[in-house]
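A.B. asks: Data: target27.txt, compact mmCIF, C-alpha atoms.
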```
# COMPACT_ATOMS: atom_id res chain seq x y z
CA MET A 249 -6.00 14.71 -24.81
CA SER A 250 -2.34 14.58 -23.80
CA ALA A 251 -0.14 11.70 -24.73
CA PRO A 252 -0.42 8.68 -22.45
CA GLY A 253 1.79 8.96 -19.44
CA SER A 254 3.26 12.29 -20.48
CA GLY A 255 3.15 13.75 -16.98
CA ASP A 256 1.84 16.96 -18.59
CA GLY A 257 1.52 19.78 -16.06
CA LEU A 258 3.97 18.32 -13.52
CA GLU A 259 7.78 18.48 -13.52
CA ARG A 260 10.14 15.48 -13.27
CA ARG A 261 12.30 16.31 -10.25
CA MET A 262 12.34 13.15 -8.09
CA GLY A 263 15.33 10.79 -8.39
CA LEU A 264 15.82 7.07 -7.70
CA LEU A 265 16.46 7.47 -3.96
CA GLY A 266 13.40 9.66 -3.49
CA ALA A 267 11.22 7.25 -5.48
CA THR A 268 12.50 4.22 -3.55
CA SER A 269 12.06 6.09 -0.26
CA THR A 270 8.44 6.84 -1.12
CA ASN A 271 7.82 3.15 -1.80
CA ILE A 272 9.53 1.86 1.34
CA ILE A 273 7.90 4.24 3.80
CA GLY A 274 4.54 3.39 2.24
CA MET A 275 5.22 -0.35 2.51
CA VAL A 276 6.61 -0.53 6.03
CA GLY A 277 4.54 2.13 7.72
CA ILE A 278 2.58 0.89 10.70
CA GLY A 279 1.71 -2.36 8.92
CA PRO A 280 4.12 -4.99 10.33
CA PHE A 281 3.96 -3.59 13.86
CA LEU A 282 0.23 -4.31 13.91
CA THR A 283 -0.21 -7.17 11.44
CA ILE A 284 2.27 -9.66 12.93
CA PRO A 285 -0.16 -10.43 15.80
CA LEU A 286 -3.04 -10.71 13.29
CA MET A 287 -1.02 -13.12 11.16
CA VAL A 288 -0.06 -15.24 14.17
CA TYR A 289 -3.73 -15.46 15.10
CA ALA A 290 -4.74 -16.41 11.55
CA MET A 291 -2.18 -19.23 11.37
CA GLY A 292 -2.56 -20.38 14.96
CA GLY A 293 1.17 -20.33 15.68
CA PRO A 294 4.52 -18.61 15.03
CA HIS A 295 5.02 -20.11 11.55
CA ILE A 296 3.94 -16.92 9.77
CA ILE A 297 7.20 -16.76 7.84
CA TRP A 298 5.38 -18.84 5.22
CA ALA A 299 2.87 -16.02 4.76
CA TRP A 300 5.72 -13.49 4.46
CA LEU A 301 7.35 -15.66 1.80
CA VAL A 302 4.10 -15.90 -0.16
CA GLY A 303 3.73 -12.13 0.16
CA ALA A 304 7.29 -11.52 -1.01
CA LEU A 305 6.88 -13.86 -3.98
CA LEU A 306 3.59 -12.26 -5.01
CA SER A 307 5.02 -8.77 -4.51
CA LEU A 308 7.99 -9.60 -6.74
CA ALA A 309 5.79 -11.02 -9.50
CA ASP A 310 3.30 -8.17 -9.23
CA GLY A 311 6.12 -5.66 -8.89
CA LEU A 312 7.45 -6.79 -12.27
CA VAL A 313 3.99 -6.12 -13.70
CA TYR A 314 4.04 -2.57 -12.35
CA ALA A 315 7.67 -2.10 -13.39
CA GLN A 316 6.82 -2.87 -17.02
CA LEU A 317 3.67 -0.76 -16.97
CA GLY A 318 5.30 2.13 -15.13
CA ALA A 319 8.22 2.27 -17.53
CA ALA A 320 5.92 2.13 -20.57
CA LEU A 321 3.42 4.73 -19.31
CA PRO A 322 5.31 6.95 -16.86
CA GLY A 323 2.61 9.47 -16.00
CA SER A 324 0.99 10.58 -12.77
CA GLY A 325 -2.08 8.46 -12.10
CA GLY A 326 -0.37 5.11 -12.60
CA PRO A 327 -2.95 2.27 -12.71
CA TYR A 328 -5.65 4.57 -14.06
CA ILE A 329 -3.52 5.17 -17.15
CA TYR A 330 -2.57 1.49 -17.49
CA LEU A 331 -6.16 0.23 -17.46
CA ARG A 332 -7.39 2.96 -19.78
CA GLU A 333 -4.72 2.29 -22.39
CA ALA A 334 -4.75 -1.53 -22.09
CA PHE A 335 -8.50 -1.92 -22.64
CA ARG A 336 -8.86 0.91 -25.16
CA PRO A 337 -8.60 -1.42 -28.24
CA PHE A 338 -11.62 -3.39 -26.97
CA GLY A 339 -13.83 -0.35 -26.37
CA LEU A 340 -13.56 -0.81 -22.59
CA GLY A 341 -10.98 1.85 -21.77
CA ARG A 342 -13.45 4.32 -20.28
CA LEU A 343 -15.27 1.62 -18.30
CA MET A 344 -12.11 0.17 -16.75
CA ALA A 345 -10.75 3.63 -15.97
CA PHE A 346 -14.05 4.64 -14.37
CA LEU A 347 -14.21 1.47 -12.24
CA PHE A 348 -10.67 2.09 -11.06
CA LEU A 349 -11.48 5.67 -10.10
CA PHE A 350 -14.67 4.54 -8.41
CA HIS A 351 -12.78 2.01 -6.32
CA ILE A 352 -10.25 4.68 -5.35
CA LEU A 353 -13.11 6.60 -3.73
CA LEU A 354 -13.23 3.74 -1.20
CA VAL A 355 -9.71 2.33 -1.18
CA ALA A 356 -7.70 5.54 -0.83
CA PRO A 357 -9.49 6.85 2.27
CA LEU A 358 -9.45 3.35 3.83
CA SER A 359 -5.71 3.02 3.22
CA LEU A 360 -4.93 6.34 4.82
CA ALA A 361 -7.32 5.72 7.67
CA GLY A 362 -5.65 2.34 8.32
CA GLY A 363 -2.30 4.00 8.96
CA ALA A 364 -3.90 6.72 11.06
CA VAL A 365 -5.82 4.21 13.18
CA GLY A 366 -2.58 2.26 13.68
CA PHE A 367 -1.02 5.46 14.98
CA ALA A 368 -3.84 5.91 17.49
CA ASP A 369 -3.57 2.25 18.56
CA TYR A 370 0.16 2.58 19.37
CA LEU A 371 -0.49 5.89 21.09
CA GLY A 372 -2.25 3.73 23.65
CA PHE A 373 1.21 2.67 24.94
CA TYR A 374 1.47 6.16 26.45
CA LEU A 375 -2.25 6.63 27.11
CA PRO A 376 -3.71 3.25 28.13
CA GLU A 377 -7.17 4.79 28.57
CA LEU A 378 -7.24 6.16 25.01
CA SER A 379 -10.35 4.79 23.35
CA GLY A 380 -13.61 5.82 21.76
CA VAL A 381 -13.92 9.34 20.39
CA PRO A 382 -10.49 10.59 21.61
CA HIS A 383 -8.86 7.61 19.85
CA HIS A 384 -10.71 8.41 16.62
CA LEU A 385 -9.87 12.11 16.84
CA ALA A 386 -6.17 11.28 17.28
CA ALA A 387 -6.32 9.23 14.07
CA GLY A 388 -8.07 12.07 12.26
CA GLY A 389 -5.38 14.47 13.47
CA VAL A 390 -2.76 12.36 11.67
CA CYS A 391 -4.60 12.91 8.38
CA LEU A 392 -4.59 16.68 8.92
CA LEU A 393 -0.87 16.61 9.77
CA VAL A 394 -0.15 14.79 6.50
CA LEU A 395 -2.14 17.42 4.60
CA PHE A 396 0.17 20.06 6.06
CA LEU A 397 3.32 18.07 5.17
CA LEU A 398 2.21 17.48 1.57
CA TYR A 399 1.04 21.01 0.88
CA ARG A 400 4.26 21.87 -0.93
CA ASN A 401 6.18 21.20 -4.18
CA ILE A 402 7.65 17.80 -5.14
CA GLU A 403 11.28 18.76 -4.42
CA SER A 404 10.41 19.57 -0.81
CA ILE A 405 8.41 16.33 -0.60
CA GLU A 406 11.44 14.34 -1.82
CA ARG A 407 13.53 15.76 1.03
CA VAL A 408 10.82 14.86 3.55
CA SER A 409 10.61 11.33 2.06
CA LYS A 410 14.36 10.76 2.49
CA ALA A 411 14.25 11.93 6.11
CA MET A 412 11.28 9.65 6.81
CA LEU A 413 13.09 6.70 5.20
CA ALA A 414 16.07 7.20 7.52
CA LEU A 415 13.85 6.99 10.62
CA VAL A 416 11.86 4.04 9.23
CA LEU A 417 15.10 2.07 8.74
CA ALA A 418 16.34 3.16 12.19
CA THR A 419 13.14 1.91 13.83
CA THR A 420 13.06 -1.48 12.15
CA GLY A 421 16.84 -1.80 12.50
CA TRP A 422 16.62 -1.28 16.26
CA VAL A 423 14.03 -4.05 16.57
CA ILE A 424 16.11 -6.46 14.49
CA VAL A 425 19.48 -5.76 16.16
CA ALA A 426 18.03 -5.87 19.68
CA GLY A 427 16.41 -9.20 18.88
CA LEU A 428 19.60 -10.68 17.43
CA ILE A 429 21.46 -9.71 20.60
CA GLU A 430 18.88 -10.97 23.09
CA SER A 431 17.21 -13.91 21.32
CA PRO A 432 18.80 -17.27 22.18
CA GLY A 433 18.11 -18.84 18.80
CA LEU A 434 15.65 -19.15 15.98
CA PRO A 435 11.99 -20.04 16.53
CA SER A 436 10.48 -23.03 14.79
CA PHE A 437 8.57 -22.01 11.71
CA MET A 438 7.33 -25.49 10.88
CA PRO A 439 3.53 -25.88 11.21
CA PRO A 440 2.67 -27.89 14.36
CA GLN A 441 0.39 -30.20 12.36
CA GLY A 442 2.58 -30.20 9.27
CA PHE A 443 1.34 -29.12 5.87
CA ASP A 444 -2.10 -30.66 6.36
CA ALA A 445 -5.43 -29.59 4.87
CA GLY A 446 -5.91 -26.92 7.54
CA PHE A 447 -2.58 -25.24 6.82
CA TRP A 448 -3.48 -23.92 3.38
CA PRO A 449 -6.65 -21.94 4.24
CA ALA A 450 -4.78 -20.45 7.22
CA LEU A 451 -1.87 -19.56 4.95
CA GLY A 452 -4.25 -17.85 2.54
CA ALA A 453 -5.86 -15.79 5.31
CA ALA A 454 -2.47 -14.78 6.74
CA SER A 455 -1.09 -13.99 3.28
CA VAL A 456 -3.92 -11.50 2.64
CA ILE A 457 -2.81 -9.69 5.80
CA ALA A 458 0.84 -9.96 4.73
CA MET A 459 0.03 -8.30 1.41
CA TYR A 460 -1.52 -5.41 3.32
CA SER A 461 1.94 -4.87 4.85
CA PHE A 462 3.69 -5.30 1.50
CA GLY A 463 1.32 -2.89 -0.22
CA GLY A 464 3.00 0.27 -1.45
CA TYR A 465 5.69 -1.06 -3.79
CA ASN A 466 3.72 0.51 -6.64
CA GLN A 467 3.40 3.97 -5.08
CA VAL A 468 6.06 5.36 -7.41
CA CYS A 469 3.78 4.56 -10.37
CA ASN A 470 1.26 7.09 -9.07
CA ILE A 471 3.84 9.89 -9.16
CA ALA A 472 5.83 8.65 -12.19
CA GLY A 473 5.02 11.91 -13.97
CA GLU A 474 7.32 13.61 -11.45
CA VAL A 475 10.19 11.06 -11.52
CA LYS A 476 13.42 11.66 -13.43
CA ASN A 477 14.26 9.03 -16.09
CA PRO A 478 11.14 6.99 -15.26
CA GLU A 479 12.01 4.25 -17.77
CA ARG A 480 14.92 3.28 -15.49
CA ASN A 481 14.02 4.64 -12.07
CA VAL A 482 10.45 3.32 -11.82
CA PRO A 483 11.39 -0.39 -12.28
CA ARG A 484 14.48 -0.05 -10.11
CA SER A 485 12.64 1.65 -7.25
CA ILE A 486 9.94 -1.05 -7.26
CA LEU A 487 12.34 -4.00 -7.16
CA LEU A 488 14.68 -2.36 -4.64
CA SER A 489 11.85 -1.55 -2.24
CA ILE A 490 10.44 -5.11 -2.37
CA ALA A 491 13.84 -6.66 -1.64
CA VAL A 492 14.56 -4.32 1.28
CA VAL A 493 11.12 -4.64 2.88
CA ALA A 494 10.95 -8.46 2.54
CA ALA A 495 14.27 -8.75 4.39
CA ILE A 496 13.04 -6.38 7.11
CA TYR A 497 9.78 -8.26 7.69
CA ILE A 498 11.33 -11.71 7.88
CA ALA A 499 14.08 -10.53 10.23
CA MET A 500 11.60 -8.70 12.50
CA THR A 501 9.31 -11.71 12.71
CA THR A 502 12.19 -14.07 13.50
CA VAL A 503 13.56 -12.09 16.45
CA MET A 504 10.24 -10.96 17.92
CA LEU A 505 8.60 -14.38 18.01
CA GLU A 506 11.69 -15.93 19.55
CA LEU A 507 11.58 -13.60 22.56
CA ILE A 508 7.80 -13.30 22.99
CA PRO A 509 5.59 -16.44 23.12
CA TRP A 510 3.28 -16.53 20.12
CA GLN A 511 0.24 -16.96 22.39
CA GLU A 512 1.05 -13.59 23.95
CA ALA A 513 2.03 -11.99 20.65
CA GLU A 514 -1.29 -12.72 18.96
CA ALA A 515 -3.19 -10.76 21.62
CA SER A 516 -0.88 -7.71 21.68
CA ARG A 517 -1.65 -4.32 20.11
CA THR A 518 1.80 -2.86 20.89
CA LEU A 519 4.01 -5.87 20.18
CA ALA A 520 7.15 -3.97 19.14
CA SER A 521 7.06 -1.75 22.23
CA ILE A 522 6.72 -4.76 24.53
CA PHE A 523 9.47 -6.56 22.66
CA ILE A 524 12.00 -3.74 22.96
CA ALA A 525 11.20 -3.30 26.66
CA ARG A 526 12.00 -6.98 27.27
CA THR A 527 15.40 -6.68 25.64
CA VAL A 528 16.49 -4.37 28.51
CA GLU A 529 17.04 -5.84 31.97
CA ASP A 530 16.77 -2.66 34.07
CA PRO A 531 13.01 -1.90 34.62
CA GLY A 532 13.48 1.86 34.35
CA LEU A 533 15.51 1.62 31.17
CA ALA A 534 13.08 -0.95 29.80
CA GLN A 535 10.19 1.49 30.14
CA LEU A 536 12.27 4.22 28.53
CA ALA A 537 13.24 1.95 25.64
CA GLY A 538 9.60 0.97 25.10
CA SER A 539 8.61 4.64 25.08
CA VAL A 540 11.31 5.59 22.56
CA ILE A 541 10.49 2.76 20.12
CA THR A 542 6.81 3.67 20.40
CA ALA A 543 7.64 7.26 19.45
CA LEU A 544 9.52 6.00 16.40
CA ILE A 545 6.65 3.72 15.42
CA LEU A 546 4.25 6.65 15.68
CA PHE A 547 6.51 8.53 13.31
CA VAL A 548 6.56 5.56 10.94
CA ALA A 549 2.74 5.52 10.97
CA VAL A 550 2.66 9.17 9.92
CA ALA A 551 5.24 8.43 7.22
CA SER A 552 3.08 5.67 5.73
CA VAL A 553 0.00 7.91 5.57
CA PHE A 554 2.24 10.56 3.99
CA ALA A 555 3.40 8.18 1.24
CA PHE A 556 -0.06 6.88 0.40
CA ALA A 557 -1.61 10.35 0.35
CA LEU A 558 1.15 11.52 -1.99
CA GLY A 559 0.46 8.73 -4.49
CA TYR A 560 -3.31 8.54 -4.31
CA SER A 561 -3.76 12.30 -4.65
CA ARG A 562 -2.28 12.13 -8.15
CA MET A 563 -4.90 9.67 -9.46
CA PRO A 564 -7.98 11.95 -9.55
CA TYR A 565 -5.65 14.67 -10.89
CA ALA A 566 -4.56 12.50 -13.85
CA ALA A 567 -8.15 11.46 -14.59
CA ALA A 568 -9.39 15.04 -14.50
CA ARG A 569 -6.60 16.15 -16.84
CA ASP A 570 -7.77 13.41 -19.22
CA GLY A 571 -11.40 14.55 -19.03
CA GLN A 572 -12.57 11.42 -17.26
CA PHE A 573 -13.21 12.92 -13.82
CA PHE A 574 -14.46 16.17 -12.33
CA ALA A 575 -12.45 19.08 -13.72
CA MET A 576 -11.71 20.64 -10.33
CA PHE A 577 -9.43 17.70 -9.46
CA GLY A 578 -7.16 18.67 -12.36
CA LYS A 579 -6.18 21.97 -10.77
CA VAL A 580 -2.54 22.55 -9.82
CA HIS A 581 -1.49 24.92 -7.03
CA PRO A 582 -0.55 28.22 -8.73
CA THR A 583 2.77 28.66 -6.91
CA ARG A 584 3.74 25.26 -5.46
CA GLY A 585 2.96 23.10 -8.48
CA PHE A 586 1.04 20.14 -6.99
CA PRO A 587 -2.61 18.93 -7.31
CA HIS A 588 -3.93 20.63 -4.19
CA VAL A 589 -7.67 20.08 -4.73
CA SER A 590 -7.19 16.33 -5.14
CA LEU A 591 -5.06 16.18 -1.99
CA ILE A 592 -7.56 18.14 0.13
CA TRP A 593 -10.43 15.93 -1.07
CA LEU A 594 -8.55 12.74 -0.22
CA ILE A 595 -7.72 13.84 3.33
CA ALA A 596 -11.24 15.11 3.97
CA VAL A 597 -12.83 11.79 2.99
CA SER A 598 -10.26 9.79 4.99
CA ILE A 599 -11.13 11.35 8.34
CA PRO A 600 -14.56 9.70 8.79
CA PHE A 601 -13.00 6.26 8.22
CA CYS A 602 -10.73 6.87 11.22
CA PHE A 603 -13.73 5.94 13.36
CA PHE A 604 -13.34 2.25 12.41
CA SER A 605 -10.88 -0.35 13.76
CA LEU A 606 -7.90 -1.62 11.79
CA GLY A 607 -9.38 -5.11 11.79
CA GLN A 608 -12.49 -3.79 10.04
CA LEU A 609 -10.36 -2.17 7.33
CA VAL A 610 -7.69 -4.69 6.31
CA ASN A 611 -9.42 -7.73 4.79
CA TRP A 612 -12.15 -5.90 2.88
CA LEU A 613 -9.64 -3.30 1.72
CA MET A 614 -7.44 -6.01 0.20
CA GLN A 615 -10.29 -7.99 -1.38
CA VAL A 616 -11.85 -4.92 -3.01
CA GLN A 617 -8.48 -4.03 -4.52
CA ILE A 618 -7.89 -7.57 -5.79
CA LEU A 619 -11.24 -7.65 -7.59
CA LEU A 620 -11.26 -4.12 -9.00
CA ARG A 621 -7.57 -3.45 -9.54
CA PHE A 622 -4.82 -5.97 -8.85
CA ALA A 623 -6.09 -8.80 -11.04
CA TRP A 624 -6.85 -6.45 -13.94
CA GLN A 625 -3.36 -4.93 -13.81
CA CYS A 626 -1.92 -8.38 -14.59
CA VAL A 627 -4.23 -8.60 -17.60
CA ALA A 628 -3.35 -5.03 -18.64
CA VAL A 629 0.37 -5.70 -19.01
CA LEU A 630 -0.38 -8.61 -21.35
CA LEU A 631 -2.85 -6.60 -23.44
CA ILE A 632 -0.52 -3.63 -23.86
CA ALA A 633 2.35 -5.87 -24.94
CA ARG A 634 0.12 -7.67 -27.44
CA TYR A 635 -2.27 -5.02 -28.77
CA ARG A 636 -0.51 -1.66 -28.25
CA PRO A 637 2.63 -1.62 -30.42
CA ASP A 638 2.39 2.19 -30.36
CA ILE A 639 3.38 2.20 -26.68
CA PRO A 640 7.17 1.76 -26.16
CA GLN A 641 8.31 -1.02 -23.81
CA PRO A 642 11.64 0.22 -22.37
CA PHE A 643 11.50 -2.41 -19.61
CA ARG A 644 10.31 -5.99 -20.04
CA MET A 645 9.74 -8.22 -17.02
CA TRP A 646 12.01 -11.19 -16.55
CA LEU A 647 10.60 -14.46 -17.97
CA TYR A 648 7.68 -12.61 -19.56
CA PRO A 649 4.74 -13.41 -19.25
CA ILE A 650 5.20 -15.92 -16.40
CA PRO A 651 5.32 -13.36 -13.52
CA ALA A 652 2.10 -11.71 -14.73
CA LEU A 653 0.25 -15.04 -15.01
CA PHE A 654 1.64 -16.21 -11.66
CA SER A 655 0.61 -12.96 -9.99
CA LEU A 656 -2.89 -13.18 -11.47
CA ALA A 657 -3.34 -16.76 -10.21
CA LEU A 658 -2.17 -15.86 -6.69
CA TRP A 659 -4.41 -12.78 -6.50
CA ILE A 660 -7.43 -14.89 -7.44
CA ALA A 661 -6.49 -17.54 -4.86
CA LEU A 662 -6.07 -14.94 -2.11
CA PHE A 663 -9.38 -13.32 -2.99
CA PHE A 664 -11.36 -16.53 -2.51
CA THR A 665 -9.45 -17.69 0.59
CA GLY A 666 -10.24 -14.42 2.33
CA PRO A 667 -13.32 -13.90 4.52
CA PRO A 668 -16.56 -14.78 2.66
CA THR A 669 -18.10 -11.50 3.80
CA GLY A 670 -15.25 -9.70 2.04
CA VAL A 671 -15.89 -11.65 -1.16
CA TRP A 672 -19.56 -10.67 -1.20
CA PHE A 673 -18.81 -7.09 -0.21
CA SER A 674 -16.30 -6.79 -3.07
CA LEU A 675 -18.72 -8.27 -5.61
CA GLY A 676 -21.42 -5.91 -4.37
CA PHE A 677 -19.07 -2.94 -4.70
CA LEU A 678 -18.24 -4.01 -8.25
CA GLY A 679 -21.96 -4.09 -9.05
CA LEU A 680 -22.35 -0.64 -7.54
CA GLY A 681 -19.48 0.60 -9.69
CA LEU A 682 -21.10 -0.75 -12.86
CA ALA A 683 -24.37 0.93 -11.92
CA ALA A 684 -22.53 4.19 -11.26
CA TYR A 685 -20.88 3.98 -14.67
CA TRP A 686 -24.27 3.49 -16.34
CA VAL A 687 -25.54 6.62 -14.57
CA PHE A 688 -22.38 8.52 -15.49
CA ARG A 689 -22.73 7.62 -19.17
CA ARG A 690 -26.39 8.63 -19.24
CA ARG A 691 -25.58 11.97 -17.64
CA GLN A 692 -22.85 12.49 -20.21
CA GLY A 693 -25.52 12.22 -22.91
CA HIS A 694 -24.41 8.85 -24.29
CA GLY A 695 -21.11 10.15 -25.67
CA THR A 696 -19.98 8.47 -28.85
CA SER A 697 -16.53 7.45 -27.60
CA THR A 698 -16.43 4.26 -25.61
CA THR A 699 -12.72 3.97 -25.26
```
Would you put the structure from the file into structure tokens?

C.D. replies:
Amino acid sequence: MSAPGSGDGLERRMGLLGATSTNIIGMVGIGPFLTIPLMVYAMGGPHIIWAWLVGALLSLADGLVYAQLGAALPGSGGPYIYLREAFRPFGLGRLMAFLFLFHILLVAPLSLAGGAVGFADYLGFYLPELSGVPHHLAAGGVCLLVLFLLYRNIESIERVSKAMLALVLATTGWVIVAGLIESPGLPSFMPPQGFDAGFWPALGAASVIAMYSFGGYNQVCNIAGEVKNPERNVPRSILLSIAVVAAIYIAMTTVMLELIPWQEAEASRTLASIFIARTVEDPGLAQLAGSVITALILFVAVASVFAFALGYSRMPYAAARDGQFFAMFGKVHPTRGFPHVSLIWLIAVSIPFCFFSLGQLVNWLMQVQILLRFAWQCVAVLLIARYRPDIPQPFRMWLYPIPALFSLALWIALFFTGPPTGVWFSLGFLGLGLAAYWVFRRRQGHGTSTT
């Protein structure tokens, strides 16, 4: 077995800007353009800035967890490697790694499908009658387009990532600047009923949705085996992307909800397009502006699917290279040097999930990840620091271990304040994963190693 996090088989060619770009385009994506109305609905008013602040705080704490883990174990596969190495001293390394891989079989396709479905939803600005099978096929087409874009070496991907980042920032920048020019002032973000008993459950529900939009700050960890100087660039790219995206989200929310009444905003599926159109007085120019911003948002949606597919495709590859997953996923393209089998598998499984709505995907997607991944990552960073002196720690989170404990507490709180159906679904999926591991171990002939 290769050394933990060695990145064996892949070359380190991506720099800080490319790594940060990959994170940001994965975080912004289609998320805020669709989730702002969902958050307004969850909180029953325009005071969703509180949910953004909770999301930013949790992202920062959790980002420090990933920064420390990513610097210590900078290999492609990210969380798979962290869980395997953290729980190895307790004889649970193989189990935790297997459960993570098992959850990726659900989470990765759902994540990609979410961005693709968002694309098809905003395409409805041009094609109001788009629904049913044509809508689903449009979403599936996005997945195939991303397969084409990623079917190349990492240096070419870095150039594509930088170009995508430029357009992502242009799109969100247009929304923010137009709002600052046209909005008469700042909306009130104080809860209408104050911070009463009903505010906190609503905040929890909206914060789960907010974290869906913040998700992606750890994408660089999945491709850390291809990042130059990962001990420095992985932590920096994580923290930079969180700071940039938090500022973008809060600014966008402020200007959009000042110009559009929150009662209208919560029912909109193309909020940004409507917003930009209203910042232009001339009706003809307003329609043109709405069409242009929609085109940019469609591009952003493709960029987010691109970023997630890039990161997730490296996880089965890393596991296969370690002998913990099917060997075919460990194959690297003979001339272009990327894990092509893993990428093709991921896209193929994503397409059927494009036949579901975004609302069906978000809450359960987040709760499954909290139970099978996010909470355990916070434990992993503590275990590695305490029980794995053989693993170097080139980066140590600020105020260690407070951010890890804070992140763990918030993840648990968000899990139980989410929809009860999502809680039971996640627990059921965990049980299914444990049963699958039992079958896997039996089929492996009760191997002697349990780490």

A.B. asks: Env of Ile272 in chain A: 9 Å cut, atoms = only C-alpha atoms, seq-sep filter 3 positions within chain, self excluded. Answer as a ChimeraX atom specification.

C.D. replies: /A:267-269,275-277,413,416,464-465,488-490,492-493,552,555

A.B. asks: Find the distance between CA of Val355 in chain A and CA of Phe622 in chain A and write it in Å to one decimal.

C.D. replies: 12.3 Å

A.B. asks: To one decimal place, how far is CA of Tyr314 in chain A from CA of Pro449 in chain A in Å?

C.D. replies: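 Between CA of Tyr314 in chain A and CA of Pro449 in chain A the gap is 27.7 Å.
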
A.B. asks: Draw an axis-aligned box tight on the listed atoms of range 585-598 of chain A, then pad every side by 8 Å and write out centre and edge lengths in Å to one decimal as lines of an AutoDock Vina configuration file.

C.D. replies:
```
center_x = -4.9
center_y = 16.4
center_z = -1.7
size_x = 31.8
size_y = 29.3
size_z = 29.5
```

A.B. asks: Just the number, please: distance in Å from CA of Arg690 in chain A to CA of Ala596 in chain A, one decimal.

C.D. replies: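 Between these atoms lies a distance of 28.5 Å.
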
A.B. asks: Excluding Phe663 in chain A and any residue of its chain fewer than 5 positions from it, enumerate the residues within 8 Å of it, using all atoms listed in the file, and give them as a PyMOL selection string.

C.D. replies: chain A and resi 615+618-619+671

A.B. asks: Applying 10 Å and only C-alpha atoms, which residues near range 334-343 of chain A remain after dropping the ones on its own chain fewer than 5 positions away? List them as a PyMOL selection string.

C.D. replies: chain A and resi 317+328-329+348-349+572+624-625+627-636+681-682+685-686+689+697-699

A.B. asks: If you keep C-alpha atoms, can you produce a file of those selected residues as a compact mmCIF listing (two decimals), in the coordinates of the input?

C.D. replies:
```
# COMPACT_ATOMS: atom_id res chain seq x y z
CA LEU A 317 3.67 -0.76 -16.97
CA TYR A 328 -5.65 4.57 -14.06
CA ILE A 329 -3.52 5.17 -17.15
CA PHE A 348 -10.67 2.09 -11.06
CA LEU A 349 -11.48 5.67 -10.10
CA GLN A 572 -12.57 11.42 -17.26
CA TRP A 624 -6.85 -6.45 -13.94
CA GLN A 625 -3.36 -4.93 -13.81
CA VAL A 627 -4.23 -8.60 -17.60
CA ALA A 628 -3.35 -5.03 -18.64
CA VAL A 629 0.37 -5.70 -19.01
CA LEU A 630 -0.38 -8.61 -21.35
CA LEU A 631 -2.85 -6.60 -23.44
CA ILE A 632 -0.52 -3.63 -23.86
CA ALA A 633 2.35 -5.87 -24.94
CA ARG A 634 0.12 -7.67 -27.44
CA TYR A 635 -2.27 -5.02 -28.77
CA ARG A 636 -0.51 -1.66 -28.25
CA GLY A 681 -19.48 0.60 -9.69
CA LEU A 682 -21.10 -0.75 -12.86
CA TYR A 685 -20.88 3.98 -14.67
CA TRP A 686 -24.27 3.49 -16.34
CA ARG A 689 -22.73 7.62 -19.17
CA SER A 697 -16.53 7.45 -27.60
CA THR A 698 -16.43 4.26 -25.61
CA THR A 699 -12.72 3.97 -25.26
```

A.B. asks: Of the candidates A:Leu680, A:Val553, A:Val548, A:Ala356, which one gets nearest to Val394 in chain A if we count all atoms listed in the file?

C.D. replies: A:Val553

A.B. asks: Which is closest to Pro478 in chain A among A:Gln608, A:Asn271, A:Thr420, A:Gln316, if we use only C-alpha atoms?

C.D. replies: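 Smallest separation from Pro478 in chain A among the options: A:Gln316.
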
A.B. asks: Kindly indicate which residue among A:Trp593, A:Phe554, A:Phe688, A:Phe574 lies nearest to Ala364 in chain A, using all atoms listed in the file for the distances.

C.D. replies: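 Looking at the shortest contact to Ala364 in chain A, the residue is A:Phe554.
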
A.B. asks: Counting only C-alpha atoms, figure out which residue out of A:Ser409, A:Ser359, A:Ser655, A:Ser516 gets nearest to Gly463 in chain A.

C.D. replies: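 The shortest atom-to-atom distance to Gly463 in chain A comes from A:Ser359.
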
A.B. asks: Compare A:Ala418, A:Leu658, A:Val540, A:Leu620 by their minimum atom-to-atom distance to Ser674 in chain A, counting all atoms listed in the file, and give me the closest one.

C.D. replies: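 Selected residue with least distance to Ser674 in chain A: A:Leu620.
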